[in-house]
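*Asks:* Here it is: the structure, laid out below.
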Amino acid sequence: MAAAPRPAWAWRPVARDPLLARAFHSCTVLRGRFYVVGGLSCGGAREPLGDAVTFDPAAGQAERAGAPGGPRRSHHDAVALGGRWLCVVGGWDGSRRVAALAALDAELGAWEAWSAAPGSCGPAGLSSHTCTRLSDRELRVAGREGGTRTQRRYGSVYTLHVDPSARTYSYREEGGHTASRSGHCAALLRTGGPHPGHQLLLFGGCNSPEPEVAGRWGPGQIQEEPVVASRLTGQLSELVSREQGSLQGPQGLRHHSCSVVGPFAVLFGGETLTRARDTVCNELYIYDTRKSTHRWFRFPCADGSMKRVGHRTCLWNDQLYLIGGFGEDGRTASPDVYTLELSF
């Protein structure tokens, strides 16, 4: 009997540390390390974690980072600024949704609570939103505004101006609204054609399979920090070349991960809103923007142990890393770190 064909992709374990066992955290590359902040230690936990952990992908080791006193947050987002600051934006603090910004000075290892500048029109609170860096002084936040018990029935888009020297931030709500999304992801992707630039696309977080534009910028309007991943980009190109693809993306997916690799947005896992049972997923989705008509590619996974929700992926040194998340039961946090392995 002929051997079964080897899967074209898989997650390969590269490290394991109990410090990384969490979900609904943030994971951000800064100074060659992954800064993992907050999250929930297990399903049903009422109090978010208030620590920061760094993972050195070169050494495969994790350790606590920064002085005590970090913000207790889950369902938040974080970005790196100026090669020094890790800015944690919004999230759930255990009792309410917040929109405040806290920053870790990676140079000094100290947490700072930045202040809202005069005139800031911030949301009442944010959770399961996205925050995308446009420059070292401007971020784009997309999500539903909400207080302790209620949230709006539509999504809002904010420009968040930051001033690291003054330790201040200021929100400005953009015109128009998006679909009501929670647990979505955002991908800043280049656009081609006669007017090249960038657009920020939102995926998932609602029943619609359609991506939504949360911003467009022309040449020179933002300060992109592209990550060179020539090998991985070539492998993804080879992977999708074997499939026909589809114009429709995953429907009802939320709390999945998303990383931009060249012209591709790579989504993994999450939970689906289309089923009442067995809701945690382990499929890999690739969104290909190389042609004028963008296409989706779905790659199933037979390994049930790789089902993940509330996890993160990070691109570093031409490899895509998977960190944390709850497993198939939606309650047990994974302490393992994986890299995406593609083979042909």
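Ordered as shown in the structure tokens, chains take letters A, B, and onward, while each chain numbers its residues from 1 and ligands are numbered from 1 in the order shown.
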Please provide as a list of chain:residue names all residues within 9 Å of Val162 in chain A, with the sequence filter that same-chain residues fewer than 2 positions apart are discarded (counting only C-alpha atoms).

*Replies:*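 Once the nearby chain positions are removed, what remains is A:Asp136, A:Arg137, A:Glu138, A:Leu139, A:Leu160, A:Pro164, A:Ala166, A:Arg167, A:Thr168, A:Tyr169, A:Ser170, A:Tyr171.
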
*Asks:* Write a file of the selected residues as a compact mmCIF listing (two decimals), in the first residue's frame, keeping N, CA, C and O atoms.

*Replies:*
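Dumped everything to again_27.txt:
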# COMPACT_ATOMS: atom_id res chain seq x y z
N ASP A 136 5.59 55.87 13.86
CA ASP A 136 5.93 55.89 15.28
C ASP A 136 5.10 56.89 16.07
O ASP A 136 5.24 57.00 17.29
N ARG A 137 4.23 57.63 15.39
CA ARG A 137 3.38 58.59 16.07
C ARG A 137 1.90 58.44 15.74
O ARG A 137 1.07 59.20 16.24
N GLU A 138 1.56 57.45 14.91
CA GLU A 138 0.17 57.31 14.50
C GLU A 138 -0.20 55.83 14.38
O GLU A 138 0.50 55.06 13.73
N LEU A 139 -1.32 55.46 15.01
CA LEU A 139 -1.84 54.10 14.99
C LEU A 139 -3.28 54.14 14.48
O LEU A 139 -3.95 55.16 14.56
N LEU A 160 -5.14 56.97 16.41
CA LEU A 160 -4.57 57.17 17.74
C LEU A 160 -3.20 57.82 17.58
O LEU A 160 -2.26 57.19 17.10
N PRO A 164 5.62 59.83 22.30
CA PRO A 164 6.45 59.17 23.32
C PRO A 164 7.23 60.14 24.20
O PRO A 164 7.43 59.86 25.39
N ALA A 166 6.33 63.09 25.24
CA ALA A 166 5.44 63.70 26.23
C ALA A 166 4.67 62.66 27.03
O ALA A 166 3.97 63.02 28.00
N ARG A 167 4.75 61.39 26.63
CA ARG A 167 4.00 60.30 27.27
C ARG A 167 2.49 60.57 27.22
O ARG A 167 1.77 60.40 28.20
N THR A 168 2.02 60.99 26.03
CA THR A 168 0.59 61.27 25.86
C THR A 168 0.06 60.57 24.62
O THR A 168 0.82 60.16 23.74
N TYR A 169 -1.27 60.46 24.55
CA TYR A 169 -1.94 59.89 23.37
C TYR A 169 -3.25 60.64 23.16
O TYR A 169 -3.79 61.27 24.07
N SER A 170 -3.76 60.57 21.94
CA SER A 170 -5.00 61.27 21.61
C SER A 170 -5.76 60.48 20.55
O SER A 170 -5.21 60.15 19.49
N TYR A 171 -7.03 60.19 20.83
CA TYR A 171 -7.91 59.49 19.89
C TYR A 171 -8.67 60.48 19.02
O TYR A 171 -9.09 61.54 19.49

*Asks:* Using only C-alpha atoms, which residues sit within 8 Å of range 30-36 of chain A once same-chain residues fewer than 4 positions away are excluded, as a list in words?

*Replies:* Leu20, His25, Ser26, Ala52, Val53, Thr54, Phe55, Asp56, Pro57, Ala80, Gly83, Arg84, Leu86, Cys314 and Trp316 of chain A

*Asks:* Mind checking which residues fall within 12 Å of range 62-68 of chain A, counting only C-alpha atoms, ignoring those fewer than 4 positions away in the same chain, and posting them as number ranges by chain?

*Replies:* A: 15-21, 33-38, 49-58, 72, 85-86, 103-112, 323, 335-337

*Asks:* Excluding Tyr158 in chain A and its own-chain neighbours fewer than 5 positions away, which residues fall within 7 Å of it when counting only C-alpha atoms? Please give them as a ChimeraX atom specification.

*Replies:* /A:140-142,171-174

*Asks:* Take the residues from that selection and put them in a file with C-alpha atoms, as a short mmCIF file (atom, residue, chain, number, x, y, z; two decimals), in the first residue's frame.

*Replies:*
data_model
loop_
_atom_site.label_atom_id
_atom_site.label_comp_id
_atom_site.auth_asym_id
_atom_site.auth_seq_id
_atom_site.Cartn_x
_atom_site.Cartn_y
_atom_site.Cartn_z
CA ARG A 140 -5.15 52.91 13.52
CA VAL A 141 -7.61 51.25 15.92
CA ALA A 142 -10.67 49.33 14.69
CA TYR A 171 -7.91 59.49 19.89
CA ARG A 172 -9.79 60.83 16.87
CA GLU A 173 -12.77 58.93 15.50
CA GLU A 174 -12.79 58.64 11.72
#

*Asks:* Check range 92-336 of chain A with DSSP on the backbone and list each residue it calls strand (DSSP E or B), as a ChimeraX atom specification.

*Replies:* /A:92,97-105,110-113,115-116,126,130-135,138-143,145-146,151,155-163,168-173,178,185-191,197-203,212-217,246,253-254,257-261,264-268,271-272,280-281,284-288,295-299,308-309,312-316,319-323,326,332-333,336
